[in-house]
$ cat target-v3.cif   # mmCIF, C-alpha atoms and all ligand atoms
data_data
#
loop_
_atom_site.label_atom_id
_atom_site.label_comp_id
_atom_site.auth_asym_id
_atom_site.auth_seq_id
_atom_site.Cartn_x
_atom_site.Cartn_y
_atom_site.Cartn_z
CA MET A 1 119.91 121.56 85.08
CA GLU A 2 117.35 118.83 84.28
CA GLU A 3 115.09 120.09 87.11
CA ALA A 4 115.38 123.69 85.85
CA LEU A 5 114.38 122.62 82.32
CA ARG A 6 111.49 120.58 83.70
CA SER A 7 110.24 123.60 85.60
CA PHE A 8 110.72 125.85 82.54
CA PHE A 9 108.58 123.60 80.30
CA LEU A 10 105.89 123.20 82.98
CA GLN A 11 105.69 127.03 83.27
CA LEU A 12 105.49 127.28 79.47
CA ALA A 13 102.67 124.69 79.45
CA GLN A 14 100.45 127.25 81.21
CA ASN A 15 101.22 130.15 78.85
CA LYS A 16 97.90 131.18 77.25
CA ALA A 17 99.43 133.40 74.53
CA MET A 18 101.71 130.60 73.33
CA ASN A 19 98.76 128.20 73.38
CA SER A 20 96.59 130.37 71.12
CA TRP A 21 99.58 130.98 68.81
CA ALA A 22 100.14 127.21 68.57
CA LYS A 23 96.44 126.59 67.77
CA ARG A 24 96.61 129.06 64.88
CA TYR A 25 99.73 127.62 63.31
CA GLY A 26 99.02 123.88 63.50
CA LEU A 27 101.07 120.92 64.69
CA ARG A 28 104.73 122.01 64.71
CA PHE A 29 108.14 121.60 66.30
CA GLY A 30 108.00 117.83 66.35
CA ALA A 31 104.72 117.75 68.33
CA ASN A 32 103.43 115.18 65.83
CA ARG A 33 105.66 112.64 67.54
CA PHE A 34 103.22 112.77 70.48
CA VAL A 35 99.96 113.88 68.80
CA ALA A 36 98.20 111.74 66.20
CA GLY A 37 97.06 114.64 63.99
CA GLU A 38 94.57 117.46 64.06
CA THR A 39 91.50 115.68 62.66
CA ILE A 40 89.31 112.84 63.86
CA GLU A 41 90.07 111.00 60.59
CA ALA A 42 93.82 111.05 61.33
CA ALA A 43 93.16 109.91 64.89
CA ILE A 44 90.95 107.00 63.81
CA GLU A 45 93.61 105.90 61.29
CA THR A 46 96.14 105.75 64.16
CA VAL A 47 93.67 103.79 66.30
CA ARG A 48 93.20 101.30 63.45
CA GLN A 49 96.97 100.83 63.07
CA LEU A 50 97.43 100.19 66.79
CA ASN A 51 94.43 97.87 66.92
CA ARG A 52 95.93 95.86 64.05
CA SER A 53 98.95 95.11 66.24
CA GLY A 54 96.72 93.97 69.10
CA ILE A 55 96.89 97.24 71.04
CA ALA A 56 93.84 99.09 72.39
CA VAL A 57 93.58 102.89 72.52
CA THR A 58 92.13 105.68 74.60
CA LEU A 59 91.47 108.71 72.37
CA ASP A 60 91.75 112.24 73.72
CA HIS A 61 90.44 115.23 71.79
CA LEU A 62 92.94 117.71 73.22
CA GLY A 63 91.68 120.66 75.24
CA GLU A 64 92.00 122.07 78.77
CA PHE A 65 91.50 125.12 80.99
CA VAL A 66 88.50 126.40 78.96
CA ALA A 67 87.09 129.64 80.38
CA ASP A 68 84.19 130.24 78.01
CA GLU A 69 80.85 128.41 78.24
CA SER A 70 80.25 128.05 74.49
CA GLU A 71 83.79 126.68 74.06
CA ALA A 72 83.17 124.17 76.88
CA ARG A 73 79.94 123.01 75.23
CA ALA A 74 81.66 122.75 71.84
CA SER A 75 84.40 120.64 73.48
CA ALA A 76 81.81 118.32 75.03
CA ASP A 77 80.18 117.98 71.57
CA TYR A 78 83.62 117.02 70.23
CA CYS A 79 83.88 114.29 72.87
CA VAL A 80 80.52 112.92 71.69
CA LYS A 81 81.71 113.10 68.06
CA THR A 82 84.83 111.17 69.06
CA LEU A 83 82.71 108.45 70.70
CA ASP A 84 80.54 108.26 67.55
CA ALA A 85 83.65 107.95 65.36
CA ILE A 86 85.09 105.16 67.54
CA HIS A 87 81.76 103.33 67.37
CA ALA A 88 81.36 103.84 63.60
CA ALA A 89 84.89 102.51 62.98
CA GLY A 90 84.27 99.49 65.23
CA ALA A 91 87.55 100.45 66.91
CA ASP A 92 88.93 99.17 70.21
CA SER A 93 89.17 102.51 71.99
CA SER A 94 87.86 104.36 75.00
CA LEU A 95 87.71 108.14 75.43
CA SER A 96 89.87 110.22 77.77
CA LEU A 97 89.02 113.81 78.65
CA LYS A 98 89.88 116.60 81.06
CA LEU A 99 87.16 118.22 83.15
CA THR A 100 88.54 121.74 82.53
CA GLN A 101 87.98 121.08 78.85
CA ILE A 102 84.22 120.78 79.35
CA GLY A 103 83.62 123.60 81.82
CA LEU A 104 85.01 122.72 85.29
CA ASP A 105 86.56 126.19 85.67
CA ILE A 106 83.22 127.83 84.77
CA SER A 107 80.89 125.83 87.03
CA LYS A 108 80.64 122.35 88.50
CA ASP A 109 77.03 122.13 87.25
CA LEU A 110 77.99 122.86 83.66
CA CYS A 111 80.78 120.30 83.87
CA LEU A 112 78.43 117.65 85.29
CA GLU A 113 75.79 118.40 82.64
CA ASN A 114 78.42 117.93 79.90
CA MET A 115 79.80 114.78 81.55
CA ARG A 116 76.33 113.23 81.70
CA MET A 117 75.74 113.98 78.02
CA ILE A 118 79.10 112.32 77.17
CA LEU A 119 78.52 109.31 79.43
CA ASN A 120 75.00 108.79 78.07
CA ARG A 121 76.44 108.54 74.57
CA ALA A 122 79.31 106.33 75.75
CA SER A 123 76.82 103.98 77.45
CA SER A 124 74.74 103.71 74.32
CA HIS A 125 77.92 102.64 72.42
CA ASP A 126 79.13 100.51 75.38
CA LEU A 127 82.38 102.50 75.60
CA TRP A 128 84.52 103.54 78.59
CA VAL A 129 85.28 107.16 79.49
CA ASN A 130 88.32 108.13 81.54
CA ILE A 131 88.48 111.40 83.47
CA ASP A 132 92.13 112.54 83.39
CA MET A 133 93.57 114.13 86.55
CA GLU A 134 94.80 117.71 86.22
CA ASP A 135 96.62 119.92 88.73
CA PHE A 136 96.28 119.69 92.52
CA ALA A 137 93.84 122.63 92.69
CA ARG A 138 91.32 120.54 90.71
CA CYS A 139 92.00 117.16 92.35
CA GLN A 140 89.29 117.14 95.04
CA VAL A 141 86.54 118.45 92.76
CA THR A 142 87.54 115.92 90.06
CA LEU A 143 87.22 113.08 92.57
CA ASP A 144 83.87 114.47 93.82
CA ILE A 145 82.54 114.55 90.25
CA PHE A 146 83.92 111.08 89.55
CA ARG A 147 82.19 109.64 92.63
CA GLU A 148 78.89 111.24 91.66
CA LEU A 149 79.09 109.86 88.13
CA ALA A 150 80.37 106.42 89.14
CA ALA A 151 77.18 106.02 91.20
CA SER A 152 75.13 106.01 87.97
CA TYR A 153 77.52 104.94 85.21
CA GLU A 154 79.50 101.69 85.13
CA LYS A 155 82.16 102.44 82.52
CA VAL A 156 83.81 105.51 83.99
CA GLN A 157 87.36 105.66 85.31
CA THR A 158 89.61 108.32 86.82
CA VAL A 159 93.31 108.88 87.48
CA ILE A 160 95.42 109.05 90.64
CA GLN A 161 98.88 110.65 90.64
CA SER A 162 101.56 109.05 92.84
CA TYR A 163 103.42 112.37 93.34
CA LEU A 164 100.67 113.71 95.64
CA TYR A 165 100.92 112.98 99.38
CA ARG A 166 97.15 112.43 99.52
CA SER A 167 97.03 109.79 96.78
CA LEU A 168 97.50 106.58 98.76
CA ALA A 169 94.48 107.48 100.90
CA ASP A 170 92.52 108.31 97.72
CA VAL A 171 93.42 104.94 96.19
CA GLU A 172 92.32 103.15 99.37
CA ALA A 173 88.96 104.95 99.36
CA LEU A 174 88.39 104.36 95.63
CA THR A 175 89.39 100.70 95.95
CA GLU A 176 86.78 100.27 98.67
CA MET A 177 84.06 101.55 96.33
CA GLY A 178 85.24 99.15 93.55
CA ALA A 179 86.31 102.00 91.27
CA SER A 180 88.44 101.54 88.15
CA ILE A 181 91.52 103.73 88.18
CA ARG A 182 94.53 104.66 86.08
CA LEU A 183 97.71 105.03 88.12
CA VAL A 184 100.24 107.65 86.94
CA LYS A 185 103.16 109.53 88.46
CA GLY A 186 101.75 113.03 87.73
CA ALA A 187 102.60 115.60 85.08
CA TYR A 188 101.93 119.08 86.56
CA LYS A 189 104.06 121.58 88.44
CA GLU A 190 103.17 121.15 92.13
CA PRO A 191 104.73 122.66 95.26
CA GLU A 192 106.49 120.61 97.95
CA SER A 193 103.57 121.32 100.28
CA VAL A 194 101.37 118.88 98.28
CA ALA A 195 103.70 116.65 96.22
CA TYR A 196 106.89 114.61 96.75
CA PRO A 197 109.80 116.59 95.34
CA ASP A 198 112.02 113.49 94.93
CA LYS A 199 111.50 111.01 92.11
CA LYS A 200 112.37 108.04 94.34
CA ASP A 201 109.44 108.90 96.65
CA VAL A 202 107.09 109.32 93.67
CA ASP A 203 108.14 105.87 92.40
CA ALA A 204 107.77 104.26 95.87
CA SER A 205 104.32 105.81 96.25
CA TYR A 206 103.33 104.35 92.83
CA LEU A 207 104.24 100.82 93.98
CA LYS A 208 102.19 101.23 97.18
CA MET A 209 99.16 102.39 95.18
CA LEU A 210 99.61 99.46 92.83
CA ASP A 211 99.74 96.97 95.73
CA VAL A 212 96.45 98.34 97.08
CA HIS A 213 94.48 98.51 93.84
CA LEU A 214 95.75 95.61 91.73
CA PRO A 215 93.91 92.83 93.63
CA SER A 216 90.64 94.82 93.71
CA SER A 217 87.54 94.27 91.58
CA GLY A 218 87.98 97.54 89.64
CA LEU A 219 90.28 97.73 86.60
CA THR A 220 93.82 98.91 87.37
CA SER A 221 95.37 100.77 84.43
CA ILE A 222 99.12 100.70 85.04
CA ALA A 223 100.06 103.85 83.12
CA THR A 224 103.81 104.29 83.00
CA HIS A 225 106.88 103.79 80.79
CA ASP A 226 109.01 102.99 83.83
CA GLU A 227 110.39 99.49 83.32
CA ASN A 228 111.06 98.99 87.05
CA ILE A 229 107.38 99.57 87.79
CA ILE A 230 106.25 97.48 84.82
CA ASN A 231 108.45 94.55 85.94
CA TYR A 232 107.22 94.93 89.54
CA ALA A 233 103.63 94.83 88.24
CA LYS A 234 104.32 91.73 86.12
CA ARG A 235 105.70 89.92 89.18
CA ALA A 236 102.76 90.98 91.36
CA ILE A 237 100.27 89.88 88.67
CA ALA A 238 101.87 86.41 88.53
CA GLU A 239 102.34 86.01 92.31
CA LYS A 240 98.84 87.23 93.25
CA ASN A 241 97.21 85.46 90.32
CA ILE A 242 95.56 88.66 89.09
CA GLY A 243 92.98 87.98 86.36
CA LYS A 244 93.40 89.49 82.87
CA HIS A 245 90.22 91.55 83.20
CA GLN A 246 91.63 93.23 86.37
CA TYR A 247 94.50 95.20 84.84
CA GLU A 248 96.04 96.65 81.68
CA PHE A 249 99.25 98.50 80.85
CA GLN A 250 98.89 102.00 79.43
CA MET A 251 101.44 104.21 77.69
CA LEU A 252 101.44 107.45 75.76
CA TYR A 253 101.45 107.62 71.96
CA GLY A 254 105.00 108.09 70.67
CA ILE A 255 106.76 107.04 73.90
CA ARG A 256 108.56 103.68 74.27
CA THR A 257 106.82 102.16 71.23
CA ASP A 258 109.25 99.22 71.54
CA LEU A 259 108.00 98.46 75.05
CA GLN A 260 104.34 98.85 73.98
CA GLN A 261 104.84 96.27 71.23
CA SER A 262 106.83 93.82 73.34
CA LEU A 263 104.26 93.83 76.18
CA ALA A 264 101.48 93.20 73.65
CA LYS A 265 103.50 90.37 72.09
CA GLU A 266 103.96 88.81 75.55
CA GLY A 267 100.16 88.67 75.75
CA TYR A 268 99.51 91.57 78.17
CA SER A 269 96.63 93.97 77.54
CA VAL A 270 98.11 97.26 76.37
CA ARG A 271 96.24 100.52 75.79
CA ILE A 272 97.80 103.61 74.24
CA TYR A 273 96.70 107.16 75.06
CA VAL A 274 96.35 108.85 71.66
CA PRO A 275 95.74 112.62 71.70
CA TYR A 276 94.55 114.55 68.66
CA GLY A 277 93.32 118.04 67.79
CA ASP A 278 94.69 121.56 67.53
CA ASP A 279 95.02 122.26 71.28
CA TRP A 280 98.33 120.38 71.44
CA TYR A 281 100.57 122.98 73.05
CA GLY A 282 100.12 122.27 76.82
CA TYR A 283 100.24 118.50 76.26
CA PHE A 284 103.44 118.83 74.21
CA MET A 285 105.14 121.04 76.83
CA ARG A 286 104.38 118.44 79.55
CA ARG A 287 106.00 115.74 77.39
CA LEU A 288 109.09 117.93 77.00
CA ALA A 289 109.17 118.53 80.76
CA GLU A 290 109.15 114.77 81.45
CA ARG A 291 112.25 114.31 79.35
CA PRO A 292 114.09 117.50 78.42
CA ALA A 293 116.19 115.43 75.95
CA ASN A 294 113.03 115.56 73.80
CA VAL A 295 114.01 119.11 72.92
CA GLN A 296 115.89 117.54 70.00
CA PHE A 297 112.45 117.03 68.38
CA VAL A 298 111.76 120.74 68.74
CA LEU A 299 115.10 121.60 67.17
CA LYS A 300 114.50 119.17 64.31
CA GLY A 301 111.03 120.73 63.85
CA VAL A 302 112.49 124.26 63.74
CA LEU A 303 115.24 123.35 61.28
CA HIS A 304 112.92 121.32 59.04
P1 LIG B 401 109.29 108.35 84.22
O1 LIG B 401 109.05 109.81 84.02
O2 LIG B 401 110.16 107.93 85.33
O3 LIG B 401 109.83 107.78 82.85
C1 LIG B 401 110.26 106.43 82.70
C2 LIG B 401 110.88 106.30 81.32
O4 LIG B 401 109.87 106.52 80.31
C3 LIG B 401 111.93 107.35 81.01
O5 LIG B 401 113.19 106.93 81.47
C4 LIG B 401 111.85 107.43 79.50
O6 LIG B 401 112.52 106.32 78.91
C5 LIG B 401 110.39 107.25 79.23
N1 LIG B 401 109.67 108.54 79.14
C6 LIG B 401 108.84 109.07 80.07
N2 LIG B 401 108.32 110.24 79.63
C7 LIG B 401 108.85 110.44 78.41
C8 LIG B 401 108.70 111.47 77.43
N3 LIG B 401 107.91 112.52 77.61
N4 LIG B 401 109.39 111.34 76.27
C9 LIG B 401 110.20 110.28 76.04
N5 LIG B 401 110.38 109.28 76.92
C10 LIG B 401 109.72 109.36 78.09
N6 LIG B 401 99.53 112.57 84.20
C11 LIG B 401 98.64 113.31 84.90
O7 LIG B 401 99.03 114.15 85.72
N7 LIG B 401 97.29 113.13 84.71
C12 LIG B 401 96.80 112.20 83.83
O8 LIG B 401 95.59 112.06 83.69
C13 LIG B 401 97.75 111.41 83.10
N8 LIG B 401 97.32 110.48 82.19
C14 LIG B 401 98.25 109.60 81.64
C15 LIG B 401 97.83 108.55 80.83
C16 LIG B 401 98.75 107.62 80.38
C17 LIG B 401 98.29 106.46 79.54
C18 LIG B 401 100.14 107.76 80.71
C19 LIG B 401 101.16 106.74 80.28
C20 LIG B 401 100.56 108.84 81.44
C21 LIG B 401 99.64 109.79 81.88
N9 LIG B 401 100.06 110.89 82.63
C22 LIG B 401 99.12 111.63 83.31
C23 LIG B 401 101.49 111.29 82.63
C24 LIG B 401 102.24 110.74 83.82
O9 LIG B 401 101.84 111.42 84.99
C25 LIG B 401 103.77 110.92 83.65
O10 LIG B 401 104.07 112.28 83.55
C26 LIG B 401 104.36 110.21 82.44
O11 LIG B 401 103.77 108.97 82.24
C27 LIG B 401 105.88 109.99 82.63
O12 LIG B 401 106.13 109.21 83.74
P2 LIG B 401 106.52 107.65 83.70
O13 LIG B 401 105.58 106.94 84.59
O14 LIG B 401 106.57 107.16 82.32
O15 LIG B 401 107.92 107.58 84.43
#
$ encode --input "target-v3.cif" --output "structure tokens"
Amino acid sequence: MEEALRSFFLQLAQNKAMNSWAKRYGLRFGANRFVAGETIEAAIETVRQLNRSGIAVTLDHLGEFVADESEARASADYCVKTLDAIHAAGADSSLSLKLTQIGLDISKDLCLENMRMILNRASSHDLWVNIDMEDFARCQVTLDIFRELAASYEKVQTVIQSYLYRSLADVEALTEMGASIRLVKGAYKEPESVAYPDKKDVDASYLKMLDVHLPSSGLTSIATHDENIINYAKRAIAEKNIGKHQYEFQMLYGIRTDLQQSLAKEGYSVRIYVPYGDDWYGYFMRRLAERPANVQFVLKGVLH
């Protein structure tokens, strides 16, 4: 039943008609539990609150699968605006973005042009930019673009998903080049031909990736709410004497806030992924797919 619901929400996440409906009607159905608001002002207020409790942020102006060039350019401009707002607020935040948001599905050249514009602005503010990982079809091209950009920009990071069979080899190659990476389990609907169908294999693959990257020179962002993995990481950090600048824990806004706070209180670096904007639908559906019990937020939102 859980697997069927997961699959249902991941199918819904790709529904274009529902997405444009959601954009028109604003944050609804309890989505504000996972999304910090529709405006940059609301997002910056959330960043400030988290920063006050000693927690860093990565801000994401929501958007993905853009098929129109002017929309892709407008999205890239929004990323620049977000960097400017972080800088103006003196906030402790990086930027996260998706390549399909800034033109990957239109052309690699357009996407690279937009990425360079964003990274130039990030460099001038001394801020990090993370390239989120999307579905398997876009994995290789995302890594190609990341490698090209990492050759000229220092503060750029990407994401590797432990559910893909290929990921351990990708982590090994990225570790060799000293890259900074965020490790996640993976949030898209992928076939058995490319991704582990069983959760226990996805979790085991995560630990292997962690073992490879944690001792490396690049930053390891341990992005998970899974306490088994977090405790494993804590032990590895202590046993291998991993320096504070080599790793951080990352979690999503609105998920396991208790754990976010307790890790920060224990003195670990914690960074929260805070999404904002009107393109919240696909992101929200993926959060429902991860934990179908979240549907109670939808029901509360409907009845409200
Ligand atoms: P798991 O799914 O096993 O969950 C462990 C526990 O966390 C659950 O038992 C529950 O308590 C809690 N939990 C997890 N999800 C929840 C939810 N939606 N609602 C309520 N509780 C929940 N993916 C991707 O494909 N590309 C990317 O670029 C990113 N980026 C990213 C950044 C950051 C900072 C994080 C934390 C995650 C991502 N992800 C991602 C998402 C990731 O792939 C994965 O889907 C989620 O993190 C859920 O997996 P966990 O590792 O938390 O484990």
$ closest_residue --input "target-v3.cif" --among "A:Glu176, A:Asp144, A:Asp126, A:Asp203" --to "A:Ser162" --atoms "all atoms listed in the file"
A:Asp203
$ atom_distance --input "target-v3.cif" --atom1 "atom O5 of ligand LIG 401 (chain B)" --atom2 "atom CA of A:Leu259"
11.8 Å
$ closest_residue --input "target-v3.cif" --among "A:Val212, A:Ala42, A:Leu12, A:Leu112" --to "A:Pro275" --atoms "all atoms listed in the file"
A:Ala42
$ residues_near_point --input "target-v3.cif" --point "(82.0, 106.7, 94.5)" --cutoff "10 Å" --atoms "all atoms listed in the file" --output "count of residues only"
17
$ closest_atom_pairs --input "target-v3.cif" --of "chain A" --to "ligand LIG 401 (chain B)" --cutoff "6 Å" --atoms "only C-alpha atoms and all ligand atoms" --output "JSON lines"
{"residue": "A:Asp132", "atom": "CA", "partner": "B:LIG401", "partner_atom": "O8", "distance": 3.5}
{"residue": "A:Met133", "atom": "CA", "partner": "B:LIG401", "partner_atom": "O8", "distance": 4.1}
{"residue": "A:Glu134", "atom": "CA", "partner": "B:LIG401", "partner_atom": "N7", "distance": 5.4}
{"residue": "A:Val159", "atom": "CA", "partner": "B:LIG401", "partner_atom": "O8", "distance": 5.4}
{"residue": "A:Val184", "atom": "CA", "partner": "B:LIG401", "partner_atom": "O9", "distance": 4.5}
{"residue": "A:Lys185", "atom": "CA", "partner": "B:LIG401", "partner_atom": "O9", "distance": 4.2}
{"residue": "A:Gly186", "atom": "CA", "partner": "B:LIG401", "partner_atom": "O9", "distance": 3.2}
{"residue": "A:Ala187", "atom": "CA", "partner": "B:LIG401", "partner_atom": "O7", "distance": 3.9}
{"residue": "A:Tyr188", "atom": "CA", "partner": "B:LIG401", "partner_atom": "O7", "distance": 5.8}
{"residue": "A:Ala223", "atom": "CA", "partner": "B:LIG401", "partner_atom": "C19", "distance": 4.2}
{"residue": "A:Thr224", "atom": "CA", "partner": "B:LIG401", "partner_atom": "O13", "distance": 3.6}
{"residue": "A:His225", "atom": "CA", "partner": "B:LIG401", "partner_atom": "O14", "distance": 3.7}
{"residue": "A:Asp226", "atom": "CA", "partner": "B:LIG401", "partner_atom": "C1", "distance": 3.8}
{"residue": "A:Gln250", "atom": "CA", "partner": "B:LIG401", "partner_atom": "C17", "distance": 4.5}
{"residue": "A:Met251", "atom": "CA", "partner": "B:LIG401", "partner_atom": "C19", "distance": 3.6}
{"residue": "A:Leu252", "atom": "CA", "partner": "B:LIG401", "partner_atom": "C19", "distance": 4.6}
{"residue": "A:Ile255", "atom": "CA", "partner": "B:LIG401", "partner_atom": "C9", "distance": 5.2}
{"residue": "A:Tyr273", "atom": "CA", "partner": "B:LIG401", "partner_atom": "C17", "distance": 4.8}
{"residue": "A:Arg287", "atom": "CA", "partner": "B:LIG401", "partner_atom": "N3", "distance": 3.8}
{"residue": "A:Leu288", "atom": "CA", "partner": "B:LIG401", "partner_atom": "N3", "distance": 5.6}
{"residue": "A:Glu290", "atom": "CA", "partner": "B:LIG401", "partner_atom": "N3", "distance": 4.6}
{"residue": "A:Arg291", "atom": "CA", "partner": "B:LIG401", "partner_atom": "C8", "distance": 4.9}
$ write_last_selection --input "target-v3.cif" --atoms "C-alpha atoms" --output "mmCIF file, in the frame of the given file"
data_model
loop_
_atom_site.group_PDB
_atom_site.id
_atom_site.type_symbol
_atom_site.label_atom_id
_atom_site.label_comp_id
_atom_site.auth_asym_id
_atom_site.auth_seq_id
_atom_site.Cartn_x
_atom_site.Cartn_y
_atom_site.Cartn_z
ATOM 1 C CA ASP A 132 92.130 112.540 83.390
ATOM 2 C CA MET A 133 93.570 114.130 86.550
ATOM 3 C CA GLU A 134 94.800 117.710 86.220
ATOM 4 C CA VAL A 159 93.310 108.880 87.480
ATOM 5 C CA VAL A 184 100.240 107.650 86.940
ATOM 6 C CA LYS A 185 103.160 109.530 88.460
ATOM 7 C CA GLY A 186 101.750 113.030 87.730
ATOM 8 C CA ALA A 187 102.600 115.600 85.080
ATOM 9 C CA TYR A 188 101.930 119.080 86.560
ATOM 10 C CA ALA A 223 100.060 103.850 83.120
ATOM 11 C CA THR A 224 103.810 104.290 83.000
ATOM 12 C CA HIS A 225 106.880 103.790 80.790
ATOM 13 C CA ASP A 226 109.010 102.990 83.830
ATOM 14 C CA GLN A 250 98.890 102.000 79.430
ATOM 15 C CA MET A 251 101.440 104.210 77.690
ATOM 16 C CA LEU A 252 101.440 107.450 75.760
ATOM 17 C CA ILE A 255 106.760 107.040 73.900
ATOM 18 C CA TYR A 273 96.700 107.160 75.060
ATOM 19 C CA ARG A 287 106.000 115.740 77.390
ATOM 20 C CA LEU A 288 109.090 117.930 77.000
ATOM 21 C CA GLU A 290 109.150 114.770 81.450
ATOM 22 C CA ARG A 291 112.250 114.310 79.350
#
$ atom_distance --input "target-v3.cif" --atom1 "atom CA of A:Gly37" --atom2 "atom CA of A:Ala22"
13.7 Å
